[in-house]
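> The structure file structure.txt (compact mmCIF, C-alpha atoms) is provided below.
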```
# COMPACT_ATOMS: atom_id res chain seq x y z
CA ALA X 28 26.99 -32.80 -15.41
CA HIS X 29 29.57 -35.40 -16.27
CA ALA X 30 30.73 -36.23 -19.78
CA ALA X 31 28.92 -38.72 -21.96
CA ASP X 32 30.30 -42.25 -22.25
CA TYR X 33 32.10 -43.34 -25.42
CA PRO X 34 32.45 -47.12 -25.63
CA ASP X 35 34.32 -46.87 -28.94
CA ALA X 36 35.18 -44.47 -31.74
CA LYS X 37 31.71 -44.63 -33.29
CA THR X 38 29.43 -44.87 -30.26
CA GLY X 39 28.34 -42.29 -27.71
CA ILE X 40 26.01 -42.80 -24.72
CA SER X 41 24.55 -39.65 -23.18
CA ASP X 42 22.59 -39.50 -19.92
CA VAL X 43 19.03 -38.25 -19.55
CA ASN X 44 17.87 -36.97 -16.13
CA VAL X 45 14.58 -35.59 -14.88
CA SER X 46 12.99 -35.29 -11.42
CA VAL X 47 9.38 -35.17 -10.29
CA GLU X 48 8.73 -33.70 -6.85
CA ILE X 49 5.68 -33.35 -4.66
CA GLY X 50 6.47 -29.64 -4.26
CA GLU X 51 6.29 -27.19 -1.38
CA ASP X 52 2.49 -27.31 -1.26
CA GLY X 53 2.49 -31.04 -0.52
CA GLY X 54 1.15 -32.12 -3.89
CA PRO X 55 -2.47 -32.55 -4.91
CA THR X 56 -4.99 -31.77 -2.20
CA ILE X 57 -7.01 -34.41 -0.39
CA PRO X 58 -10.55 -34.42 -1.78
CA PRO X 59 -13.75 -34.59 0.29
CA ILE X 60 -15.74 -37.82 0.43
CA ASP X 61 -18.59 -36.03 -1.37
CA PRO X 62 -17.46 -33.88 -4.34
CA GLU X 63 -20.90 -32.27 -4.51
CA ASN X 64 -20.59 -31.08 -0.90
CA PRO X 65 -17.13 -29.56 -0.36
CA GLU X 66 -16.75 -30.77 3.18
CA PRO X 67 -14.45 -31.95 4.69
CA PRO X 68 -11.79 -29.30 4.20
CA VAL X 69 -9.24 -30.18 1.56
CA ASP X 70 -6.52 -29.90 4.21
CA PRO X 71 -7.49 -32.24 7.04
CA GLY X 72 -4.12 -31.89 8.78
CA PRO X 73 -0.90 -33.87 9.05
CA GLY X 74 -1.05 -36.94 6.85
CA ASN X 75 1.28 -39.79 6.03
CA PRO X 76 4.88 -38.49 5.70
CA ASN X 77 5.87 -41.64 3.82
CA ASN X 78 4.89 -40.79 0.29
CA GLY X 79 4.75 -43.13 -2.68
CA PRO X 80 2.92 -43.75 -5.97
CA LEU X 81 0.45 -46.02 -4.14
CA ALA X 82 -0.05 -44.75 -0.60
CA LEU X 83 -2.38 -43.92 2.26
CA ARG X 84 -2.46 -40.12 2.30
CA TYR X 85 -4.60 -39.74 5.43
CA VAL X 86 -6.44 -41.84 8.02
CA SER X 87 -8.71 -40.44 10.75
CA ASN X 88 -8.30 -41.39 14.39
CA LEU X 89 -11.49 -42.37 16.19
CA VAL X 90 -12.66 -40.66 19.36
CA PHE X 91 -15.93 -41.71 20.99
CA PRO X 92 -17.84 -39.51 23.42
CA THR X 93 -17.71 -40.26 27.13
CA LEU X 94 -20.59 -42.45 28.19
CA PRO X 95 -22.00 -43.21 31.64
CA ALA X 96 -21.74 -46.63 33.27
CA SER X 97 -24.90 -48.59 32.62
CA THR X 98 -26.58 -51.86 33.40
CA GLU X 99 -27.71 -52.02 29.76
CA THR X 100 -25.88 -52.27 26.43
CA THR X 101 -25.01 -48.77 25.19
CA VAL X 102 -24.39 -47.62 21.61
CA VAL X 103 -22.41 -44.46 20.85
CA TYR X 104 -21.08 -42.93 17.64
CA ALA X 105 -17.62 -41.54 16.95
CA ASN X 106 -17.00 -37.82 17.02
CA GLN X 107 -16.23 -36.15 13.71
CA ASP X 108 -12.60 -35.58 12.74
CA SER X 109 -11.17 -32.04 12.75
CA ASN X 110 -8.23 -30.19 11.26
CA GLU X 111 -5.86 -27.69 12.86
CA GLU X 112 -8.45 -24.94 12.36
CA ASP X 113 -11.02 -27.06 14.27
CA GLU X 114 -13.14 -27.51 11.14
CA LEU X 115 -15.15 -30.71 11.45
CA PHE X 116 -15.47 -33.39 8.78
CA ASP X 117 -16.46 -37.03 8.54
CA ASN X 118 -13.94 -39.69 9.53
CA MET X 119 -12.22 -40.96 6.40
CA VAL X 120 -9.27 -42.63 4.75
CA THR X 121 -7.62 -41.20 1.63
CA ILE X 122 -5.77 -43.26 -0.98
CA GLN X 123 -3.56 -41.98 -3.76
CA ASP X 124 -2.63 -44.05 -6.80
CA PHE X 125 -0.18 -42.23 -9.04
CA ARG X 126 1.33 -45.33 -10.62
CA ASN X 127 1.70 -45.13 -14.38
CA ASP X 128 -0.46 -47.12 -16.77
CA VAL X 129 2.14 -49.89 -17.02
CA SER X 130 2.54 -50.57 -13.28
CA ARG X 131 -0.96 -49.66 -12.02
CA ASP X 132 -2.78 -52.91 -11.24
CA GLY X 133 -5.57 -52.07 -8.82
CA TRP X 134 -5.49 -51.92 -5.03
CA GLU X 135 -7.14 -53.34 -1.93
CA LEU X 136 -7.48 -51.71 1.50
CA THR X 137 -7.96 -53.91 4.56
CA VAL X 138 -8.68 -53.00 8.17
CA LYS X 139 -8.43 -54.82 11.48
CA GLN X 140 -8.75 -53.97 15.16
CA ASP X 141 -5.55 -54.82 17.00
CA THR X 142 -5.63 -57.07 20.05
CA ASN X 143 -2.35 -56.00 21.64
CA THR X 144 -4.05 -53.11 23.44
CA THR X 145 -6.63 -52.94 26.21
CA PHE X 146 -10.13 -52.16 25.02
CA ILE X 147 -13.63 -52.80 26.33
CA PRO X 148 -14.22 -56.57 26.49
CA GLY X 149 -17.28 -57.60 24.51
CA SER X 150 -17.52 -54.30 22.63
CA PHE X 151 -17.88 -53.93 18.85
CA ILE X 152 -16.84 -51.21 16.43
CA THR X 153 -18.89 -51.16 13.24
CA MET X 154 -18.08 -49.16 10.10
CA SER X 155 -20.07 -48.74 6.89
CA PRO X 156 -17.47 -47.81 4.24
CA TYR X 157 -18.76 -45.10 1.93
CA VAL X 158 -17.64 -43.90 -1.49
CA HIS X 159 -19.71 -41.25 -3.23
CA PRO X 160 -21.41 -42.86 -6.27
CA THR X 161 -19.69 -40.42 -8.66
CA ILE X 162 -16.26 -41.32 -7.26
CA ALA X 163 -17.05 -45.03 -7.11
CA ALA X 164 -17.94 -45.02 -10.80
CA GLU X 165 -15.00 -42.84 -11.86
CA TYR X 166 -12.33 -44.80 -9.97
CA GLU X 167 -14.01 -48.23 -10.10
CA ILE X 168 -14.18 -48.77 -6.33
CA GLN X 169 -16.12 -51.40 -4.40
CA THR X 170 -17.01 -51.39 -0.70
CA PRO X 171 -18.70 -54.01 1.49
CA SER X 172 -22.49 -54.23 1.61
CA ALA X 173 -24.54 -51.63 3.45
CA SER X 174 -24.98 -54.00 6.40
CA GLY X 175 -21.71 -52.73 7.85
CA LEU X 176 -18.26 -53.99 8.70
CA ARG X 177 -17.75 -55.18 12.30
CA LEU X 178 -14.05 -54.93 13.15
CA ASN X 179 -12.13 -57.81 14.67
CA ASN X 180 -8.52 -59.02 14.81
CA ALA X 181 -8.63 -60.42 11.26
CA GLU X 182 -8.02 -58.29 8.16
CA GLN X 183 -11.25 -57.46 6.33
CA VAL X 184 -11.63 -55.67 3.01
CA PHE X 185 -12.67 -52.06 3.58
CA ALA X 186 -12.53 -51.05 -0.10
CA ARG X 187 -10.98 -52.24 -3.33
CA THR X 188 -10.89 -51.52 -7.04
CA GLU X 189 -13.18 -53.48 -9.30
CA SER X 190 -10.30 -54.62 -11.50
CA GLN X 191 -6.59 -54.18 -12.15
CA GLU X 192 -7.28 -51.36 -14.60
CA ASN X 193 -8.36 -48.63 -12.20
CA PRO X 194 -7.78 -44.98 -13.15
CA ALA X 195 -5.06 -43.02 -11.37
CA GLY X 196 -6.00 -40.35 -8.83
CA ILE X 197 -6.84 -39.57 -5.20
CA VAL X 198 -10.00 -40.77 -3.46
CA SER X 199 -11.41 -40.30 0.04
CA ILE X 200 -13.56 -43.03 1.59
CA GLY X 201 -15.79 -42.37 4.56
CA PHE X 202 -15.74 -44.65 7.61
CA ALA X 203 -19.55 -44.46 7.64
CA ASN X 204 -22.35 -43.76 5.21
CA PRO X 205 -23.45 -40.11 5.64
CA GLU X 206 -27.06 -41.28 5.90
CA MET X 207 -26.14 -43.18 9.07
CA ASP X 208 -25.12 -41.84 12.49
CA GLY X 209 -21.43 -42.62 12.03
CA VAL X 210 -18.96 -45.22 13.25
CA GLU X 211 -20.75 -47.25 15.89
CA LEU X 212 -19.40 -48.55 19.18
CA SER X 213 -21.54 -51.04 21.08
CA VAL X 214 -20.57 -51.25 24.76
CA PRO X 215 -21.83 -54.19 26.83
CA ALA X 216 -23.81 -53.75 30.02
CA ASN X 217 -21.93 -53.34 33.31
CA THR X 218 -18.69 -52.21 31.68
CA PRO X 219 -16.36 -51.04 34.46
CA VAL X 220 -15.51 -47.36 34.76
CA GLY X 221 -12.17 -46.52 33.13
CA ASP X 222 -10.30 -45.32 30.07
CA TYR X 223 -10.02 -47.71 27.16
CA LYS X 224 -7.82 -47.63 24.08
CA THR X 225 -7.16 -49.77 21.05
CA THR X 226 -5.62 -49.31 17.61
CA ILE X 227 -6.81 -50.03 14.09
CA THR X 228 -4.39 -51.12 11.40
CA TRP X 229 -5.01 -50.22 7.77
CA ASN X 230 -3.10 -52.02 5.03
CA LEU X 231 -3.04 -50.96 1.38
CA SER X 232 -1.82 -53.49 -1.17
CA SER X 233 -1.77 -53.66 -4.95
CA ALA X 234 -3.32 -56.03 -7.45
CA PRO X 235 -6.66 -57.31 -6.14
CA LEU X 236 -8.10 -60.30 -7.95
CA GLU X 237 -10.04 -59.23 -11.03
CA ASP X 238 -12.91 -61.63 -10.42
CA ASN X 239 -13.82 -60.27 -6.95
```
Now that the file is in, can you turn its structure into structure tokens?

Amino acid sequence: AHAADYPDAKTGISDVNVSVEIGEDGGPTIPPIDPENPEPPVDPGPGNPNNGPLALRYVSNLVFPTLPASTETTVVYANQDSNEEDELFDNMVTIQDFRNDVSRDGWELTVKQDTNTTFIPGSFITMSPYVHPTIAAEYEIQTPSASGLRLNNAEQVFARTESQENPAGIVSIGFANPEMDGVELSVPANTPVGDYKTTITWNLSSAPLEDN
């Protein structure tokens, strides 16, 4: 430690230092999307290495089952996510908001399907964002209507806080309502045989409008 500063004969200025660290265990665990049903595992696997007070802790990749070529439109549902122990859990995104009461001002999560990759022409990915009612009430979270969210190349709101006065904490939001079959992929008839890939971009920002 260095010496205090003394601007003059009657004044002394001493430093104050303190550090807060995530810790060796990686900080608070990622919760399941349903606190009354302790699945998925609290450790889904490698998450976002870029930590921050407001951050995406974890986002699932989507893998759809192989489907046969068909002369009719085909609908398939994404496989469940899994951790390093091959435990299965629902596809989800996890948000942490550890900002203090002064700087915390709500958040909004958007999602879009990127167009710079080759995917099945004419296909549609549909999600039905899900927050358990207990969590939605506790953390003041809104999601789109139950009719679903069809992804495209424009940012759409996946979830947001009801106001700029949301409580601090960690929440997990399912890609699909558990009462449904999961994330849906609609594949048009006569899709050529091949492997198809695309990417989905998630963007978390602060301060949603209070009147939305």
> Using only C-alpha atoms, pick whichever of X:Gly221, X:Asn193, X:Tyr85, X:Thr226 has the shortest atom-to-atom distance to Asn110 of chain X.
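For Asn110 of chain X, the nearest of the candidates is X:Tyr85.
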> One decimal, in Å: what's the spacing between atom CA of Thr100 of chain X and atom CA of Val138 of chain X?
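Separating atom CA of Thr100 of chain X from atom CA of Val138 of chain X is a distance of 25.1 Å.
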> Scan for residues within 6 Å of the point (-12.5, -49.1, 4.3) in the coordinates of the file, using all atoms listed in the file, and reply as a ChimeraX atom specification.
/X:156,185-186
> Need the shell around Leu89 of chain X: protein/DNA/RNA residues with any atom at most 10 Å away, counting only C-alpha atoms. Skip same-chain ones fewer than 3 positions apart. Format as a PDB file with C-alpha atoms, in the frame of the given file?

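Done, and the output landed in selection00.pdb:
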```pdb
ATOM      1  CA  VAL X  86      -6.440 -41.840   8.020  1.00  0.00           C
ATOM      2  CA  TYR X 104     -21.080 -42.930  17.640  1.00  0.00           C
ATOM      3  CA  ALA X 105     -17.620 -41.540  16.950  1.00  0.00           C
ATOM      4  CA  ASN X 106     -17.000 -37.820  17.020  1.00  0.00           C
ATOM      5  CA  GLN X 107     -16.230 -36.150  13.710  1.00  0.00           C
ATOM      6  CA  ASP X 108     -12.600 -35.580  12.740  1.00  0.00           C
ATOM      7  CA  ASN X 118     -13.940 -39.690   9.530  1.00  0.00           C
ATOM      8  CA  MET X 119     -12.220 -40.960   6.400  1.00  0.00           C
ATOM      9  CA  PHE X 202     -15.740 -44.650   7.610  1.00  0.00           C
ATOM     10  CA  VAL X 210     -18.960 -45.220  13.250  1.00  0.00           C
ATOM     11  CA  THR X 225      -7.160 -49.770  21.050  1.00  0.00           C
ATOM     12  CA  THR X 226      -5.620 -49.310  17.610  1.00  0.00           C
ATOM     13  CA  ILE X 227      -6.810 -50.030  14.090  1.00  0.00           C
TER      14      ILE X 227
END
```
> Suppose you want the space between atom CA of Pro194 of chain X and atom CA of Gly175 of chain X; what is it in Å?
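Atom-to-atom, atom CA of Pro194 of chain X to atom CA of Gly175 of chain X, that is 26.4 Å.
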> Residues within 9 Å of Val120 of chain X, please, as a list in words. Count all atoms listed in the file; anything in the same chain fewer than 4 positions from it doesn't count.
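Non-adjacent residues within range: Leu83, Arg84, Tyr85, Val86, Ser87, Val198, Ser199, Ile200, Gly201 and Phe202 of chain X.
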> Restricting the calculation to all atoms listed in the file, which member of X:Leu176, X:Ala216, X:Val102, X:Ile57 is positioned closest to Gly149 of chain X?
X:Ala216
> Name the closest residue to Thr153 of chain X among the candidates X:Arg126, X:Lys139, X:Arg131, X:Arg187; distances are taken between atoms, counting only C-alpha atoms.
X:Lys139
> For a test of reading the model, state the distance in Å between atom CA of Leu94 of chain X and atom CA of Glu112 of chain X, rounded to one decimal.
26.5 Å
> Please work out which residues fall within 9 Å of (-18.6, -51.9, 20.2), coordinates as given in the file, with all atoms listed in the file counting, and return them as number ranges by chain.
X: 101-103, 147-153, 177-178, 211-215
> Measuring atom to atom with only C-alpha atoms, identify which of X:Asn75, X:Thr121, X:Thr170, X:Gln140 is nearest to Thr228 of chain X.
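Using only C-alpha atoms, the shortest distance to Thr228 of chain X belongs to X:Gln140.
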> Which of these, X:Val220, X:Met207, X:Ala181, X:Leu81, has the shortest distance to Thr137 of chain X once you count all atoms listed in the file?
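Going through X:Val220, X:Met207, X:Ala181, X:Leu81 one by one, the smallest distance to Thr137 of chain X is for X:Ala181.
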> Between X:Gln123, X:Asn78, X:Thr56, X:Asn64, which residue has the minimum interatomic distance to Ser233 of chain X, considering all atoms listed in the file?
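Checking each candidate against Ser233 of chain X, we get X:Gln123 as the closest.
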